[in-house]
Amino acid sequence: MPQTPTGEKPLRVMPWWLVLVGLLAAGLLGWLVLDWLLDEAGRAAQPDTRATLRIDAIRTGLTVVAGTGGGLALLLAARRQWISERAQRHQEAVAAQEQAHRDRAQAHVEAVAEAGQRHQDRQAEAAEHDAAERRLTELYTRAVELLGNDKAAVRLGGLHALERLGQDNPAQRPTIVAVLCAYLRMPAGDDDAGEAEVRRTAQRVLTRHLRADDDAFWPGVTLDLTGAHLDGFDAAGCTLVDADLTGAVCAGTTSLAGATVRGRLSLGATFADLRCDDLRGDAEIVLDDARIAGRLSFDRAEIGGLSCRHATVAWAYFRGTTVGRTASFDGTRFTRSATFREAVFLSGLSMDHATLGGYAGFRQVRFADLALFRWTEFGGQAWFERARFEGAANFGRARFHDAATFDGATFARPPLVDQARAAAAGPHVWPEGTNVARLDDDWLLLTDP
């Protein structure tokens, strides 16, 4: 059966004949009562009594009829009241439903409006993004075009335009750094003062944004300067991550002093001078096949690992340097001198087949693990005074062309010197227990105990 808005059953209309039946029933009941009372009154013996009883019977019958009619009237009144209350509840329920419907309609309208607004906002953002991207592309293209201009002054303007673009748009920085590195990798013109200034400016633009303590720092960029031509490259205090200078030609002094290095720092390049004093970081520093005509300095540096195989270095300074992982100088030529005073090698040092053309200073060096000097050529004085060898030390087949001293050196185990040779004329101080025999007029032969 259908339900009203309040959940009640639908109201059924009272038929007219039901009221008529009620009235007839009331009249019939009154007549029956009257007939019964009159019959009883007729049984009285005295006429006066019968008359009185008849009057009372009529009065009682009328009272019954009136009472029955009154009861019917009360029932009808109660029904009217119930119908009225139900109608009120129905009106309230309908009003609540209409209000809920209006609220839903309003919410729907608002949701549609909000969705439309969001759509418009997205369209506006997309249009703004597209416009910004077009503007960036135009600025980038224009800056690159300026960088390719024949005039040095215009190229300088292109550099500064790229720098400004990168400063304002962090997402473009890796691309801009890649462009600047590519420019430096291009062949440099001969005797072109303007081009030299442009290149020095490009270098300054790169390093200016690699200092973490500066507001202009560009984090997360890497330098790919393989084969580049650099002049006085100054990255002192910079943060370098996976920087690569393999094959670069670096005129003047290249400075990485005080820099922080992570990942891998590839320096297998040609340098006039390379300064890495106070370098910090856990990077693997690779100087394999490097050519350093002047000074190589790692004084007081704290680095992860060091590979300097088959390099050529004039003067090397590793005073107070700490190397956390293996350090290798296998096959490297130090043409003038190499100083490692108070250096610490925490995970082994290898100088197999290395050549030290001049003074070799290892005073107070700490070798926490292996120290390998097999087939090493010491062309000048070799000083290992107060050095500490905490692991195995091997000088097998090394050659000492000048004085060698191990005065005050300590060894965790006897060093191996099998078949090492030393100049007979030098005033040597060998580790305790080393067997020394004269080979000929020029050479002494060292053998193990």
# chains A, B, ... in the order shown; residues from 1 in each chain; ligands from 1
call {"tool": "residues_around", "arguments": {"residues": "stretch 260-265 of chain A", "least_positions_apart": "3", "cutoff": "7 Å", "atoms": "only C-alpha atoms", "output": "PyMOL selection string"}}
result
chain A and resi 237-244+279-286
call {"tool": "write_last_selection", "arguments": {"atoms": "C-alpha atoms", "output": "PDB file, in the first residue's frame"}}
result
ATOM      1  CA  GLY A 237      83.989  26.302  -1.377  1.00  0.00           C
ATOM      2  CA  CYS A 238      81.598  24.769  -3.904  1.00  0.00           C
ATOM      3  CA  THR A 239      79.479  21.643  -3.494  1.00  0.00           C
ATOM      4  CA  LEU A 240      80.323  19.243  -6.305  1.00  0.00           C
ATOM      5  CA  VAL A 241      78.280  16.127  -7.014  1.00  0.00           C
ATOM      6  CA  ASP A 242      79.581  13.726  -9.668  1.00  0.00           C
ATOM      7  CA  ALA A 243      81.661  16.447 -11.323  1.00  0.00           C
ATOM      8  CA  ASP A 244      83.624  15.226 -14.340  1.00  0.00           C
ATOM      9  CA  LEU A 279      88.565  19.353   0.594  1.00  0.00           C
ATOM     10  CA  ARG A 280      85.745  17.486   2.359  1.00  0.00           C
ATOM     11  CA  GLY A 281      83.363  14.720   1.400  1.00  0.00           C
ATOM     12  CA  ASP A 282      82.973  11.004   0.809  1.00  0.00           C
ATOM     13  CA  ALA A 283      83.496  11.177  -2.947  1.00  0.00           C
ATOM     14  CA  GLU A 284      85.823   8.871  -4.846  1.00  0.00           C
ATOM     15  CA  ILE A 285      88.430  11.226  -6.304  1.00  0.00           C
ATOM     16  CA  VAL A 286      89.903   9.978  -9.567  1.00  0.00           C
TER      17      VAL A 286
END
call {"tool": "residues_around", "arguments": {"residues": "A:Trp375", "least_positions_apart": "5", "cutoff": "12 Å", "atoms": "only C-alpha atoms", "output": "ChimeraX atom specification"}}
result
/A:330-332,350-356,394-400,417-421
call {"tool": "closest_residue", "arguments": {"among": "A:Ala290, A:Ala161, A:Leu256, A:Ala423", "to": "A:Ala437", "atoms": "only C-alpha atoms"}}
result
A:Ala423
call {"tool": "atom_distance", "arguments": {"atom1": "atom CA of A:Gly247", "atom2": "atom CA of A:Phe373"}}
result
28.1 Å
call {"tool": "select_by_dssp", "arguments": {"residues": "stretch 144-349 of chain A", "states": "helix (DSSP H, G or I)", "output": "PyMOL selection string"}}
result
chain A and resi 144-147+152-168+170-185+193-208
call {"tool": "closest_residue", "arguments": {"among": "A:Thr447, A:Ser266, A:Thr253, A:Thr201", "to": "A:Thr222", "atoms": "only C-alpha atoms"}}
result
A:Ser266
call {"tool": "closest_residue", "arguments": {"among": "A:Arg211, A:Arg386, A:His229, A:Arg336", "to": "A:Ala293", "atoms": "only C-alpha atoms"}}
result
A:Arg336
call {"tool": "residues_around", "arguments": {"residues": "A:His428", "least_positions_apart": "3", "cutoff": "6 Å", "atoms": "only C-alpha atoms", "output": "ChimeraX atom specification"}}
result
/A:403-405
